[in-house]
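Below is my_file-v4.pdb, which holds PDB, N, CA and C atoms.
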```
ATOM      1  N   MET U 800     -28.683  12.767  -9.984
ATOM      2  CA  MET U 800     -28.170  13.206  -8.708
ATOM      3  C   MET U 800     -28.617  14.646  -8.470
ATOM      4  N   SER U 801     -29.031  14.942  -7.263
ATOM      5  CA  SER U 801     -29.458  16.303  -6.948
ATOM      6  C   SER U 801     -28.244  17.221  -6.811
ATOM      7  N   GLU U 802     -28.498  18.515  -6.810
ATOM      8  CA  GLU U 802     -27.425  19.498  -6.705
ATOM      9  C   GLU U 802     -26.737  19.373  -5.350
ATOM     10  N   ILE U 803     -25.403  19.425  -5.362
ATOM     11  CA  ILE U 803     -24.626  19.320  -4.134
ATOM     12  C   ILE U 803     -24.631  20.666  -3.423
ATOM     13  N   LYS U 804     -24.881  20.629  -2.109
ATOM     14  CA  LYS U 804     -24.913  21.846  -1.304
ATOM     15  C   LYS U 804     -23.951  21.702  -0.139
ATOM     16  N   ILE U 805     -23.389  22.808   0.288
ATOM     17  CA  ILE U 805     -22.550  22.822   1.480
ATOM     18  C   ILE U 805     -23.418  23.301   2.627
ATOM     19  N   GLY U 806     -23.530  22.451   3.650
ATOM     20  CA  GLY U 806     -24.367  22.778   4.800
ATOM     21  C   GLY U 806     -23.544  23.002   6.053
ATOM     22  N   SER U 807     -24.220  23.186   7.154
ATOM     23  CA  SER U 807     -23.535  23.457   8.422
ATOM     24  C   SER U 807     -22.769  22.234   8.935
ATOM     25  N   PHE U 808     -23.132  21.041   8.498
ATOM     26  CA  PHE U 808     -22.440  19.834   8.935
ATOM     27  C   PHE U 808     -21.334  19.408   7.970
ATOM     28  N   THR U 809     -21.142  20.139   6.888
ATOM     29  CA  THR U 809     -20.099  19.809   5.918
ATOM     30  C   THR U 809     -18.739  20.188   6.479
ATOM     31  N   PRO U 810     -17.764  19.238   6.513
ATOM     32  CA  PRO U 810     -16.416  19.598   6.966
ATOM     33  C   PRO U 810     -15.766  20.577   5.986
ATOM     34  N   LYS U 811     -14.845  21.399   6.476
ATOM     35  CA  LYS U 811     -14.158  22.364   5.606
ATOM     36  C   LYS U 811     -13.273  21.661   4.593
ATOM     37  N   THR U 812     -12.689  20.511   4.986
ATOM     38  CA  THR U 812     -11.850  19.721   4.092
ATOM     39  C   THR U 812     -12.411  18.307   4.030
ATOM     40  N   LEU U 813     -12.601  17.805   2.814
ATOM     41  CA  LEU U 813     -13.091  16.447   2.593
ATOM     42  C   LEU U 813     -11.890  15.555   2.308
ATOM     43  N   THR U 814     -11.802  14.405   2.961
ATOM     44  CA  THR U 814     -10.638  13.532   2.800
ATOM     45  C   THR U 814     -11.068  12.095   2.554
ATOM     46  N   ASP U 815     -10.193  11.357   1.906
ATOM     47  CA  ASP U 815     -10.377   9.924   1.700
ATOM     48  C   ASP U 815      -9.007   9.311   1.445
ATOM     49  N   THR U 816      -8.883   8.029   1.699
ATOM     50  CA  THR U 816      -7.636   7.304   1.488
ATOM     51  C   THR U 816      -7.869   6.207   0.461
ATOM     52  N   VAL U 817      -6.991   6.130  -0.529
ATOM     53  CA  VAL U 817      -7.012   5.046  -1.510
ATOM     54  C   VAL U 817      -5.597   4.515  -1.652
ATOM     55  N   TYR U 818      -5.474   3.352  -2.255
ATOM     56  CA  TYR U 818      -4.178   2.732  -2.474
ATOM     57  C   TYR U 818      -4.014   2.483  -3.969
ATOM     58  N   LEU U 819      -2.952   3.044  -4.534
ATOM     59  CA  LEU U 819      -2.656   2.843  -5.949
ATOM     60  C   LEU U 819      -1.729   1.650  -6.092
ATOM     61  N   HIS U 820      -2.042   0.777  -7.027
ATOM     62  CA  HIS U 820      -1.141  -0.321  -7.366
ATOM     63  C   HIS U 820      -0.372   0.120  -8.620
ATOM     64  N   LEU U 821       0.934   0.260  -8.470
ATOM     65  CA  LEU U 821       1.793   0.762  -9.543
ATOM     66  C   LEU U 821       2.696  -0.344 -10.056
ATOM     67  N   ARG U 822       2.986  -0.297 -11.336
ATOM     68  CA  ARG U 822       3.915  -1.245 -11.956
ATOM     69  C   ARG U 822       4.969  -0.441 -12.705
ATOM     70  N   PRO U 823       6.260  -0.716 -12.453
ATOM     71  CA  PRO U 823       7.296   0.011 -13.193
ATOM     72  C   PRO U 823       7.247  -0.326 -14.675
ATOM     73  N   LYS U 824       7.509   0.673 -15.507
ATOM     74  CA  LYS U 824       7.509   0.480 -16.958
ATOM     75  C   LYS U 824       8.950   0.661 -17.447
ATOM     76  N   GLY U 825       9.469  -0.351 -18.097
ATOM     77  CA  GLY U 825      10.851  -0.315 -18.560
ATOM     78  C   GLY U 825      10.960  -0.216 -20.070
ATOM     79  N   SER U 826      12.132   0.192 -20.514
ATOM     80  CA  SER U 826      12.399   0.298 -21.946
ATOM     81  C   SER U 826      12.948  -1.030 -22.466
ATOM     82  N   TYR U 827      13.183  -1.074 -23.738
ATOM     83  CA  TYR U 827      13.747  -2.258 -24.395
ATOM     84  C   TYR U 827      15.105  -2.604 -23.784
ATOM     85  N   TYR U 828      15.845  -1.580 -23.347
ATOM     86  CA  TYR U 828      17.177  -1.789 -22.787
ATOM     87  C   TYR U 828      17.161  -2.045 -21.286
ATOM     88  N   GLY U 829      16.002  -2.108 -20.669
ATOM     89  CA  GLY U 829      15.893  -2.404 -19.250
ATOM     90  C   GLY U 829      15.918  -1.181 -18.352
ATOM     91  N   ASN U 830      15.938   0.008 -18.921
ATOM     92  CA  ASN U 830      15.924   1.223 -18.115
ATOM     93  C   ASN U 830      14.506   1.544 -17.663
ATOM     94  N   LEU U 831      14.387   2.084 -16.456
ATOM     95  CA  LEU U 831      13.090   2.504 -15.955
ATOM     96  C   LEU U 831      12.653   3.745 -16.716
ATOM     97  N   GLU U 832      11.477   3.674 -17.352
ATOM     98  CA  GLU U 832      10.978   4.797 -18.153
ATOM     99  C   GLU U 832       9.779   5.487 -17.516
ATOM    100  N   GLY U 833       9.104   4.825 -16.620
ATOM    101  CA  GLY U 833       7.904   5.402 -16.027
ATOM    102  C   GLY U 833       7.173   4.362 -15.214
ATOM    103  N   MET U 834       5.879   4.558 -15.064
ATOM    104  CA  MET U 834       5.061   3.623 -14.300
ATOM    105  C   MET U 834       3.669   3.558 -14.898
ATOM    106  N   THR U 835       2.975   2.503 -14.533
ATOM    107  CA  THR U 835       1.591   2.312 -14.946
ATOM    108  C   THR U 835       0.762   2.120 -13.693
ATOM    109  N   VAL U 836      -0.342   2.856 -13.574
ATOM    110  CA  VAL U 836      -1.278   2.635 -12.480
ATOM    111  C   VAL U 836      -2.140   1.440 -12.883
ATOM    112  N   VAL U 837      -1.996   0.347 -12.160
ATOM    113  CA  VAL U 837      -2.694  -0.889 -12.485
ATOM    114  C   VAL U 837      -4.127  -0.858 -11.968
ATOM    115  N   LYS U 838      -4.298  -0.384 -10.727
ATOM    116  CA  LYS U 838      -5.642  -0.262 -10.160
ATOM    117  C   LYS U 838      -5.603   0.632  -8.941
ATOM    118  N   THR U 839      -6.774   1.070  -8.532
ATOM    119  CA  THR U 839      -6.966   1.857  -7.322
ATOM    120  C   THR U 839      -7.920   1.085  -6.430
ATOM    121  N   VAL U 840      -7.536   0.909  -5.161
ATOM    122  CA  VAL U 840      -8.368   0.129  -4.251
ATOM    123  C   VAL U 840      -8.562   0.892  -2.944
ATOM    124  N   LYS U 841      -9.518   0.459  -2.137
ATOM    125  CA  LYS U 841      -9.847   1.133  -0.883
ATOM    126  C   LYS U 841      -9.176   0.521   0.341
ATOM    127  N   SER U 842      -8.485  -0.619   0.207
ATOM    128  CA  SER U 842      -7.820  -1.218   1.366
ATOM    129  C   SER U 842      -6.551  -1.933   0.918
ATOM    130  N   THR U 843      -5.741  -2.303   1.891
ATOM    131  CA  THR U 843      -4.510  -3.042   1.582
ATOM    132  C   THR U 843      -4.784  -4.534   1.454
ATOM    133  N   ASP U 844      -6.030  -4.953   1.586
ATOM    134  CA  ASP U 844      -6.388  -6.366   1.479
ATOM    135  C   ASP U 844      -6.563  -6.830   0.035
ATOM    136  N   ALA U 845      -6.503  -5.910  -0.914
ATOM    137  CA  ALA U 845      -6.708  -6.272  -2.324
ATOM    138  C   ALA U 845      -5.538  -7.129  -2.816
ATOM    139  N   GLU U 846      -5.824  -7.993  -3.762
ATOM    140  CA  GLU U 846      -4.795  -8.861  -4.329
ATOM    141  C   GLU U 846      -3.753  -8.037  -5.073
ATOM    142  N   VAL U 847      -2.477  -8.372  -4.842
ATOM    143  CA  VAL U 847      -1.360  -7.663  -5.463
ATOM    144  C   VAL U 847      -0.612  -8.630  -6.369
ATOM    145  N   ALA U 848      -0.394  -8.228  -7.604
ATOM    146  CA  ALA U 848       0.366  -9.060  -8.541
ATOM    147  C   ALA U 848       1.857  -8.924  -8.238
ATOM    148  N   PRO U 849       2.640  -9.979  -8.461
ATOM    149  CA  PRO U 849       4.088  -9.878  -8.263
ATOM    150  C   PRO U 849       4.666  -8.751  -9.113
ATOM    151  N   GLY U 850       5.531  -7.948  -8.505
ATOM    152  CA  GLY U 850       6.147  -6.839  -9.229
ATOM    153  C   GLY U 850       5.399  -5.526  -9.113
ATOM    154  N   ASP U 851       4.221  -5.545  -8.486
ATOM    155  CA  ASP U 851       3.464  -4.309  -8.281
ATOM    156  C   ASP U 851       3.876  -3.665  -6.962
ATOM    157  N   PHE U 852       3.727  -2.361  -6.878
ATOM    158  CA  PHE U 852       4.023  -1.596  -5.681
ATOM    159  C   PHE U 852       2.748  -0.885  -5.261
ATOM    160  N   ILE U 853       2.573  -0.700  -3.945
ATOM    161  CA  ILE U 853       1.378  -0.033  -3.434
ATOM    162  C   ILE U 853       1.780   1.316  -2.857
ATOM    163  N   VAL U 854       1.058   2.356  -3.250
ATOM    164  CA  VAL U 854       1.282   3.690  -2.720
ATOM    165  C   VAL U 854      -0.004   4.155  -2.054
ATOM    166  N   LYS U 855       0.104   4.545  -0.789
ATOM    167  CA  LYS U 855      -1.048   5.078  -0.060
ATOM    168  C   LYS U 855      -1.257   6.516  -0.496
ATOM    169  N   LEU U 856      -2.463   6.837  -0.867
ATOM    170  CA  LEU U 856      -2.771   8.170  -1.367
ATOM    171  C   LEU U 856      -3.853   8.799  -0.505
ATOM    172  N   GLU U 857      -3.493   9.874   0.191
ATOM    173  CA  GLU U 857      -4.449  10.642   0.986
ATOM    174  C   GLU U 857      -4.962  11.769   0.095
ATOM    175  N   VAL U 858      -6.234  11.767  -0.185
ATOM    176  CA  VAL U 858      -6.830  12.783  -1.046
ATOM    177  C   VAL U 858      -7.609  13.750  -0.162
ATOM    178  N   SER U 859      -7.276  15.036  -0.260
ATOM    179  CA  SER U 859      -7.969  16.077   0.496
ATOM    180  C   SER U 859      -8.332  17.208  -0.453
ATOM    181  N   VAL U 860      -9.572  17.636  -0.380
ATOM    182  CA  VAL U 860     -10.031  18.771  -1.181
ATOM    183  C   VAL U 860     -10.901  19.662  -0.293
ATOM    184  N   PRO U 861     -10.906  20.963  -0.565
ATOM    185  CA  PRO U 861     -11.798  21.834   0.194
ATOM    186  C   PRO U 861     -13.256  21.507  -0.136
ATOM    187  N   ALA U 862     -14.149  21.819   0.776
ATOM    188  CA  ALA U 862     -15.571  21.507   0.591
ATOM    189  C   ALA U 862     -16.133  22.112  -0.686
ATOM    190  N   GLU U 863     -15.625  23.265  -1.099
ATOM    191  CA  GLU U 863     -16.126  23.934  -2.296
ATOM    192  C   GLU U 863     -15.652  23.287  -3.600
ATOM    193  N   PHE U 864     -14.751  22.325  -3.507
ATOM    194  CA  PHE U 864     -14.147  21.722  -4.699
ATOM    195  C   PHE U 864     -15.196  21.226  -5.694
ATOM    196  N   PHE U 865     -16.172  20.483  -5.224
ATOM    197  CA  PHE U 865     -17.148  19.866  -6.129
ATOM    198  C   PHE U 865     -18.138  20.870  -6.711
ATOM    199  N   ILE U 866     -18.179  22.038  -6.145
ATOM    200  CA  ILE U 866     -19.071  23.074  -6.653
ATOM    201  C   ILE U 866     -18.336  23.986  -7.636
ATOM    202  N   GLU U 867     -17.083  24.335  -7.309
ATOM    203  CA  GLU U 867     -16.341  25.323  -8.094
ATOM    204  C   GLU U 867     -15.419  24.730  -9.158
ATOM    205  N   ALA U 868     -14.940  23.510  -8.977
ATOM    206  CA  ALA U 868     -13.919  22.946  -9.866
ATOM    207  C   ALA U 868     -14.531  22.247 -11.074
ATOM    208  N   MET U 869     -13.711  22.149 -12.114
ATOM    209  CA  MET U 869     -14.079  21.302 -13.248
ATOM    210  C   MET U 869     -13.991  19.859 -12.756
ATOM    211  N   PRO U 870     -14.600  18.921 -13.419
ATOM    212  CA  PRO U 870     -14.561  17.526 -12.940
ATOM    213  C   PRO U 870     -13.213  16.843 -13.210
ATOM    214  N   SER U 871     -12.130  17.473 -12.755
ATOM    215  CA  SER U 871     -10.807  16.860 -12.828
ATOM    216  C   SER U 871      -9.907  17.539 -11.808
ATOM    217  N   ALA U 872      -8.849  16.843 -11.400
ATOM    218  CA  ALA U 872      -7.921  17.409 -10.426
ATOM    219  C   ALA U 872      -6.539  16.811 -10.648
ATOM    220  N   ARG U 873      -5.506  17.612 -10.412
ATOM    221  CA  ARG U 873      -4.128  17.127 -10.499
ATOM    222  C   ARG U 873      -3.650  16.790  -9.094
ATOM    223  N   ILE U 874      -3.110  15.582  -8.925
ATOM    224  CA  ILE U 874      -2.618  15.132  -7.630
ATOM    225  C   ILE U 874      -1.148  14.771  -7.777
ATOM    226  N   THR U 875      -0.322  15.242  -6.844
ATOM    227  CA  THR U 875       1.101  14.933  -6.843
ATOM    228  C   THR U 875       1.423  14.117  -5.599
ATOM    229  N   LEU U 876       2.125  13.005  -5.780
ATOM    230  CA  LEU U 876       2.512  12.156  -4.654
ATOM    231  C   LEU U 876       3.891  12.555  -4.161
ATOM    232  N   ASP U 877       4.051  12.607  -2.850
ATOM    233  CA  ASP U 877       5.345  12.885  -2.253
ATOM    234  C   ASP U 877       6.024  11.568  -1.905
ATOM    235  N   ALA U 878       7.353  11.574  -1.922
ATOM    236  CA  ALA U 878       8.123  10.382  -1.561
ATOM    237  C   ALA U 878       7.838  10.027  -0.103
ATOM    238  N   GLY U 879       7.964   8.764   0.231
ATOM    239  CA  GLY U 879       7.765   8.337   1.600
ATOM    240  C   GLY U 879       6.368   7.850   1.896
ATOM    241  N   GLN U 880       5.494   7.818   0.925
ATOM    242  CA  GLN U 880       4.132   7.356   1.152
ATOM    243  C   GLN U 880       3.934   5.935   0.621
ATOM    244  N   ILE U 881       5.002   5.157   0.594
ATOM    245  CA  ILE U 881       4.927   3.798   0.058
ATOM    246  C   ILE U 881       4.495   2.846   1.164
ATOM    247  N   VAL U 882       3.568   1.973   0.852
ATOM    248  CA  VAL U 882       3.061   0.992   1.809
ATOM    249  C   VAL U 882       3.828  -0.309   1.614
ATOM    250  N   PRO U 883       4.415  -0.868   2.683
ATOM    251  CA  PRO U 883       5.121  -2.139   2.523
ATOM    252  C   PRO U 883       4.147  -3.249   2.124
ATOM    253  N   VAL U 884       4.587  -4.097   1.217
ATOM    254  CA  VAL U 884       3.754  -5.187   0.726
ATOM    255  C   VAL U 884       4.152  -6.468   1.438
ATOM    256  N   THR U 885       3.186  -7.182   1.994
ATOM    257  CA  THR U 885       3.455  -8.474   2.610
ATOM    258  C   THR U 885       2.651  -9.532   1.862
ATOM    259  N   PHE U 886       3.236 -10.687   1.683
ATOM    260  CA  PHE U 886       2.582 -11.764   0.961
ATOM    261  C   PHE U 886       2.313 -12.923   1.911
ATOM    262  N   ALA U 887       1.144 -13.466   1.831
ATOM    263  CA  ALA U 887       0.792 -14.678   2.562
ATOM    264  C   ALA U 887       0.532 -15.754   1.523
ATOM    265  N   GLN U 888       1.228 -16.873   1.652
ATOM    266  CA  GLN U 888       1.065 -17.943   0.669
ATOM    267  C   GLN U 888      -0.331 -18.530   0.773
ATOM    268  N   GLN U 889      -0.986 -18.665  -0.354
ATOM    269  CA  GLN U 889      -2.333 -19.207  -0.421
ATOM    270  C   GLN U 889      -2.256 -20.687  -0.781
ATOM    271  N   PRO U 890      -3.231 -21.472  -0.357
ATOM    272  CA  PRO U 890      -3.246 -22.892  -0.745
ATOM    273  C   PRO U 890      -3.223 -23.021  -2.274
ATOM    274  N   GLY U 891      -2.398 -23.905  -2.755
ATOM    275  CA  GLY U 891      -2.306 -24.115  -4.199
ATOM    276  C   GLY U 891      -1.183 -23.322  -4.832
ATOM    277  N   ASP U 892      -0.494 -22.461  -4.069
ATOM    278  CA  ASP U 892       0.606 -21.665  -4.616
ATOM    279  C   ASP U 892       1.936 -22.402  -4.559
ATOM    280  N   GLU U 893       1.952 -23.578  -3.966
ATOM    281  CA  GLU U 893       3.214 -24.315  -3.802
ATOM    282  C   GLU U 893       3.682 -24.839  -5.157
ATOM    283  N   ASP U 894       5.011 -24.780  -5.372
ATOM    284  CA  ASP U 894       5.587 -25.326  -6.613
ATOM    285  C   ASP U 894       6.390 -26.559  -6.349
TER
END
```

Final structure tokens representation of the file:
Amino acid sequence: MSEIKIGSFTPKTLTDTVYLHLRPKGSYYGNLEGMTVVKTVKSTDAEVAPGDFIVKLEVSVPAEFFIEAMPSARITLDAGQIVPVTFAQQPGDED
């Protein structure tokens, strides 16, 4: 890959939207202990396993990020960014 440059057409802030599929992680006693990120997808059309939750994640970084930063970033999610999950029964799912 060639060296990344910031030009006159580069936006000041670079943004993208992804959807995290999260699964609650419980303890032996049934208490919620944390979560597991199952996958990251680009649309809400991706297959969702029962018990998974989808969180919409808006990622924004300044244009200089890829030039000045180490190849890692910390992202914090705020409450209220949960995407409602809808299920459509597929042929063959009948019991």

Protein/DNA/RNA residues near (-13.6, 20.9, 5.1), cut 12 Å, only C-alpha atoms, as a ChimeraX atom specification:
/U:805-815,859-865

Report as number ranges by chain all protein, DNA and RNA residues lying within 6.5 Å of Leu821 in chain U, evaluated on only N, CA and C atoms, omitting residues in the same chain fewer than 2 positions from it.
U: 819, 823, 834-838, 850-854

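Our summary of the geometry notes that atom C of Leu856 in chain U is positioned 6.4 Å from CA of Tyr818 in chain U.
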
Between CA of Val858 in chain U and CA of Val840 in chain U lies a distance of 13.1 Å

Just how far from atom N of Glu832 in chain U is CA of Ala848 in chain U, in Å to one decimal?
19.1 Å

Expected file for range 826-837 of chain U keeping all heavy atoms, as an mmCIF file, in the first residue's frame:
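Here's the written file part.cif:
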```
data_model
loop_
_atom_site.group_PDB
_atom_site.id
_atom_site.type_symbol
_atom_site.label_atom_id
_atom_site.label_comp_id
_atom_site.auth_asym_id
_atom_site.auth_seq_id
_atom_site.Cartn_x
_atom_site.Cartn_y
_atom_site.Cartn_z
ATOM 1 N N SER U 826 -22.164 -16.007 34.432
ATOM 2 C CA SER U 826 -21.360 -16.832 35.330
ATOM 3 C C SER U 826 -22.068 -18.163 35.578
ATOM 4 O O SER U 826 -23.189 -18.385 35.123
ATOM 5 C CB SER U 826 -21.141 -16.110 36.660
ATOM 6 O OG SER U 826 -22.366 -16.047 37.380
ATOM 7 N N TYR U 827 -21.428 -19.002 36.328
ATOM 8 C CA TYR U 827 -21.981 -20.309 36.698
ATOM 9 C C TYR U 827 -23.307 -20.132 37.436
ATOM 10 O O TYR U 827 -24.212 -20.933 37.302
ATOM 11 C CB TYR U 827 -20.956 -21.053 37.570
ATOM 12 C CG TYR U 827 -21.453 -22.369 38.098
ATOM 13 C CD1 TYR U 827 -21.531 -23.481 37.268
ATOM 14 C CD2 TYR U 827 -21.854 -22.499 39.419
ATOM 15 C CE1 TYR U 827 -21.983 -24.695 37.742
ATOM 16 C CE2 TYR U 827 -22.314 -23.715 39.919
ATOM 17 C CZ TYR U 827 -22.372 -24.804 39.069
ATOM 18 O OH TYR U 827 -22.825 -25.998 39.542
ATOM 19 N N TYR U 828 -23.430 -19.038 38.196
ATOM 20 C CA TYR U 828 -24.634 -18.790 38.982
ATOM 21 C C TYR U 828 -25.704 -18.026 38.212
ATOM 22 O O TYR U 828 -26.739 -17.675 38.753
ATOM 23 C CB TYR U 828 -24.276 -18.014 40.258
ATOM 24 C CG TYR U 828 -23.329 -18.781 41.142
ATOM 25 C CD1 TYR U 828 -21.984 -18.449 41.189
ATOM 26 C CD2 TYR U 828 -23.760 -19.861 41.894
ATOM 27 C CE1 TYR U 828 -21.098 -19.162 41.983
ATOM 28 C CE2 TYR U 828 -22.898 -20.582 42.685
ATOM 29 C CZ TYR U 828 -21.564 -20.225 42.727
ATOM 30 O OH TYR U 828 -20.698 -20.936 43.512
ATOM 31 N N GLY U 829 -25.480 -17.725 36.951
ATOM 32 C CA GLY U 829 -26.468 -17.048 36.128
ATOM 33 C C GLY U 829 -26.373 -15.534 36.152
ATOM 34 O O GLY U 829 -27.204 -14.858 35.562
ATOM 35 N N ASN U 830 -25.376 -14.985 36.818
ATOM 36 C CA ASN U 830 -25.206 -13.537 36.848
ATOM 37 C C ASN U 830 -24.524 -13.055 35.575
ATOM 38 O O ASN U 830 -23.633 -13.715 35.053
ATOM 39 C CB ASN U 830 -24.358 -13.099 38.054
ATOM 40 C CG ASN U 830 -25.025 -13.421 39.369
ATOM 41 O OD1 ASN U 830 -26.240 -13.354 39.478
ATOM 42 N ND2 ASN U 830 -24.235 -13.769 40.356
ATOM 43 N N LEU U 831 -24.916 -11.873 35.116
ATOM 44 C CA LEU U 831 -24.278 -11.280 33.953
ATOM 45 C C LEU U 831 -22.879 -10.830 34.344
ATOM 46 O O LEU U 831 -22.706 -10.066 35.277
ATOM 47 C CB LEU U 831 -25.096 -10.086 33.448
ATOM 48 C CG LEU U 831 -24.567 -9.360 32.234
ATOM 49 C CD1 LEU U 831 -24.535 -10.288 31.019
ATOM 50 C CD2 LEU U 831 -25.408 -8.137 31.937
ATOM 51 N N GLU U 832 -21.867 -11.336 33.628
ATOM 52 C CA GLU U 832 -20.473 -11.005 33.945
ATOM 53 C C GLU U 832 -19.827 -10.114 32.893
ATOM 54 O O GLU U 832 -18.820 -9.488 33.150
ATOM 55 C CB GLU U 832 -19.635 -12.284 34.053
ATOM 56 C CG GLU U 832 -19.782 -13.012 35.342
ATOM 57 C CD GLU U 832 -18.730 -14.111 35.483
ATOM 58 O OE1 GLU U 832 -18.221 -14.604 34.459
ATOM 59 O OE2 GLU U 832 -18.432 -14.459 36.627
ATOM 60 N N GLY U 833 -20.374 -10.075 31.711
ATOM 61 C CA GLY U 833 -19.761 -9.298 30.641
ATOM 62 C C GLY U 833 -20.433 -9.605 29.325
ATOM 63 O O GLY U 833 -21.586 -10.009 29.283
ATOM 64 N N MET U 834 -19.700 -9.408 28.249
ATOM 65 C CA MET U 834 -20.235 -9.668 26.917
ATOM 66 C C MET U 834 -19.123 -10.153 26.008
ATOM 67 O O MET U 834 -17.947 -9.971 26.296
ATOM 68 C CB MET U 834 -20.862 -8.408 26.333
ATOM 69 C CG MET U 834 -19.861 -7.319 26.065
ATOM 70 S SD MET U 834 -20.641 -5.917 25.296
ATOM 71 C CE MET U 834 -19.239 -4.824 25.233
ATOM 72 N N THR U 835 -19.543 -10.756 24.918
ATOM 73 C CA THR U 835 -18.621 -11.219 23.890
ATOM 74 C C THR U 835 -19.049 -10.597 22.577
ATOM 75 O O THR U 835 -20.225 -10.631 22.222
ATOM 76 C CB THR U 835 -18.678 -12.752 23.772
ATOM 77 O OG1 THR U 835 -18.340 -13.325 25.031
ATOM 78 C CG2 THR U 835 -17.725 -13.256 22.712
ATOM 79 N N VAL U 836 -18.105 -9.998 21.851
ATOM 80 C CA VAL U 836 -18.389 -9.504 20.511
ATOM 81 C C VAL U 836 -18.313 -10.712 19.579
ATOM 82 O O VAL U 836 -17.257 -11.307 19.410
ATOM 83 C CB VAL U 836 -17.394 -8.413 20.078
ATOM 84 C CG1 VAL U 836 -17.673 -7.981 18.645
ATOM 85 C CG2 VAL U 836 -17.449 -7.222 21.023
ATOM 86 N N VAL U 837 -19.445 -11.083 19.012
ATOM 87 C CA VAL U 837 -19.531 -12.266 18.168
ATOM 88 C C VAL U 837 -19.040 -11.966 16.757
ATOM 89 O O VAL U 837 -18.313 -12.748 16.158
ATOM 90 C CB VAL U 837 -20.971 -12.814 18.140
ATOM 91 C CG1 VAL U 837 -21.062 -14.060 17.291
ATOM 92 C CG2 VAL U 837 -21.465 -13.088 19.541
#
```
